[in-house]
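Participant: Input: one structure, supplied below.
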Amino acid sequence: MTLLSTAQHLARDTRRDPRSQMMLIMVVVIITAGAAALVAYLLWPTWVARPASAPGRLPVSVGATLFNVPTAAVRRKIQRHSGPQERVDLSFVFPSLEPPDAPKHVTADTIEEKVQPIDRIFLSISAHQDTLPPDKRVRTIYPRYLEQKITSIDDGLTMRAFRDGSPYANEDLFSAGAPSFNARCTRDGLTPGMCLSERRVDGADLTFRFPRSWLSQWRDVANAMDRLTAQMRGPKD
């Protein structure tokens with residue numbers, strides 16, 4: 001109101017003093033600029049555009065069986081989508097069972113650094129295509145190729161070696177009853193031995209892989225596989 005009164009006063013004085021006309025123009029410019037700034041401030045958007053983030057879990061169907069898999073655990077970028085898939089490959093940090101961090105960038109200076117021990121349990125989910133169930137394979141197929149000697153390892157875990165010349169030569173079968181545990185493991189050599197443990201869930205086979213050295217804590221490994229299966233499969237109707 002003060003500026004408007006001043007402008008009106010100056011308008012009356014322009015007839016007597018030409019300098020007042022210039023002052024009036026300056027006042028009008030200031031009022032106009034202030035109004036424009038106020039409108040711009042009120043209309044300026046306050047939101048900030050951010051890139052869309054991937055969902056925490058993906059509903060995927062493997063062998064007509066629904067699984068909710070953690071997006072960050074999917075190892076292959078091409079598999080990071082929902083819907084039907086023939087196979088999904090995952091990895092989890094052991095023993096936390098959290099998805100691993102993004103891989104670090106490797107340069108010429110770091111590529112020859114000492115290889116870190118494996119701290120992950122790998123899981124592949126694939127359609128079984130009516131093949132022999134894993135538990136039946138342990139009962140009916142493996143015994144044909146196993147040595148007769150049974151070695152007690154530790155805390156209820158036993159080992160039987162596969163015969164030389166068999167399809168599973170240089171591997172051993174580890175078994176336990178409570179909790180139920182079966183794993184076929186390669187022997188340590190130039191590379192550390194790895195174990196494979198399978199189970200069937202409806203139309204899909206779950207194949208877990210982990211270092212043979214983890215057999216010293218086989219109960220923790222067995223419980224980890226049970227937990228991962230339950231977390232991704234979810235409650236049954």
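Ordered as shown in the structure tokens, chains take letters A, B, and onward, while each chain numbers its residues from 1 and ligands are numbered from 1 in the order shown.
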So which residues of segment 60-139 of chain A fall under helix (DSSP H, G or I) by DSSP, listed as a PDB file with C-alpha atoms, in the first residue's frame?
Facilitator:
ATOM      1  CA  THR A  71      16.131 -58.741  -6.217  1.00  0.00           C
ATOM      2  CA  ALA A  72      19.645 -57.999  -4.942  1.00  0.00           C
ATOM      3  CA  ALA A  73      20.375 -61.737  -4.611  1.00  0.00           C
ATOM      4  CA  LYS A  77      20.886 -59.247 -14.699  1.00  0.00           C
ATOM      5  CA  ILE A  78      18.803 -60.940 -17.404  1.00  0.00           C
ATOM      6  CA  GLN A  79      16.935 -62.849 -14.653  1.00  0.00           C
ATOM      7  CA  PRO A 134      16.651 -85.562  -5.397  1.00  0.00           C
ATOM      8  CA  ASP A 135      15.690 -87.599  -2.313  1.00  0.00           C
ATOM      9  CA  LYS A 136      14.900 -90.631  -4.458  1.00  0.00           C
ATOM     10  CA  ARG A 137      18.221 -90.240  -6.271  1.00  0.00           C
ATOM     11  CA  VAL A 138      20.006 -90.418  -2.905  1.00  0.00           C
ATOM     12  CA  ARG A 139      18.136 -93.623  -1.993  1.00  0.00           C
TER      13      ARG A 139
END
Participant: Excluding segment 196-212 of chain A and any residue of its chain fewer than 5 positions from it, enumerate the residues within 6 Å of it, using only C-alpha atoms, and give them as a list in words.
Facilitator: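 Near neighbours after the sequence-gap exclusion: Gly63, Thr65, Ile121, Phe122, Leu123, Ser124, Ile125, Ser126, Ala127, His128, Pro134, Ala183 and Arg184 of chain A.
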Participant: Closest to Phe67 of chain A among A:Pro100, A:Gly83, A:Pro133, A:Gly156, using only C-alpha atoms?
Facilitator: A:Gly83
Participant: As a PyMOL selection string, please: every residue in segment 142-217 of chain A that a backbone DSSP assignment puts in strand (DSSP E or B).
Facilitator: chain A and resi 146+151-154+157-162+171-176+181-186+194-201+204-211
Participant: Which residues come within 6 Å of Asp172 of chain A, counting only C-alpha atoms, excluding same-chain residues fewer than 5 positions away, as a VMD selection string?
Facilitator: chain A and resid 160 to 162 184 to 185
Participant: Keeping only all heavy atoms, take the residues you just selected and write them out as a short mmCIF file (atom, residue, chain, number, x, y, z; two decimals), in the first residue's frame.
Facilitator:
data_model
loop_
_atom_site.label_atom_id
_atom_site.label_comp_id
_atom_site.auth_asym_id
_atom_site.auth_seq_id
_atom_site.Cartn_x
_atom_site.Cartn_y
_atom_site.Cartn_z
N ARG A 160 30.38 -91.30 2.84
CA ARG A 160 30.68 -92.47 2.02
C ARG A 160 31.30 -91.97 0.72
O ARG A 160 30.78 -91.04 0.09
CB ARG A 160 29.42 -93.29 1.72
CG ARG A 160 28.85 -93.99 2.94
CD ARG A 160 27.61 -94.80 2.59
NE ARG A 160 27.93 -95.94 1.73
CZ ARG A 160 27.02 -96.78 1.24
NH1 ARG A 160 25.73 -96.61 1.53
NH2 ARG A 160 27.38 -97.79 0.49
N ALA A 161 32.40 -92.58 0.31
CA ALA A 161 33.09 -92.17 -0.90
C ALA A 161 32.48 -92.84 -2.12
O ALA A 161 32.04 -93.99 -2.06
CB ALA A 161 34.58 -92.51 -0.80
N PHE A 162 32.45 -92.13 -3.24
CA PHE A 162 32.04 -92.73 -4.50
C PHE A 162 33.21 -93.50 -5.09
O PHE A 162 34.37 -93.09 -4.95
CB PHE A 162 31.57 -91.66 -5.49
CG PHE A 162 30.21 -91.10 -5.18
CD1 PHE A 162 30.06 -89.92 -4.47
CD2 PHE A 162 29.06 -91.77 -5.60
CE1 PHE A 162 28.80 -89.41 -4.19
CE2 PHE A 162 27.79 -91.27 -5.32
CZ PHE A 162 27.67 -90.09 -4.61
N ARG A 184 26.51 -83.85 -1.88
CA ARG A 184 27.54 -84.49 -2.68
C ARG A 184 28.65 -83.48 -2.87
O ARG A 184 28.43 -82.39 -3.39
CB ARG A 184 26.96 -84.91 -4.03
CG ARG A 184 27.70 -86.05 -4.71
CD ARG A 184 27.06 -86.40 -6.02
NE ARG A 184 27.40 -85.48 -7.08
CZ ARG A 184 26.52 -84.94 -7.91
NH1 ARG A 184 25.23 -85.21 -7.80
NH2 ARG A 184 26.92 -84.11 -8.86
N CYS A 185 29.87 -83.85 -2.44
CA CYS A 185 30.96 -82.87 -2.39
C CYS A 185 32.18 -83.35 -3.17
O CYS A 185 32.58 -84.51 -3.06
CB CYS A 185 31.38 -82.60 -0.95
SG CYS A 185 30.02 -82.07 0.12
#
Participant: Using only C-alpha atoms, which residue out of A:Arg87, A:Leu58, A:Pro167, A:Met232 lies closest to Ile141 of chain A?
Facilitator: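 Ranking A:Arg87, A:Leu58, A:Pro167, A:Met232 by distance to Ile141 of chain A, first place goes to A:Pro167.
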Participant: Which value, in Å to one decimal, gives the distance between atom CA of Leu66 of chain A and atom CA of Leu132 of chain A?
Facilitator: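 Here the two named atoms are 20.9 Å from each other.
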Participant: State, in Å with one decimal place, the distance from atom CA of Thr229 of chain A to atom CA of Pro192 of chain A.
Facilitator: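 A separation of 25.9 Å between them.
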Participant: What is the atom CA of Met159 of chain A to atom CA of Val93 of chain A distance in Å?
Facilitator: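 Atom CA of Val93 of chain A lies at a distance of 26.2 Å from atom CA of Met159 of chain A.
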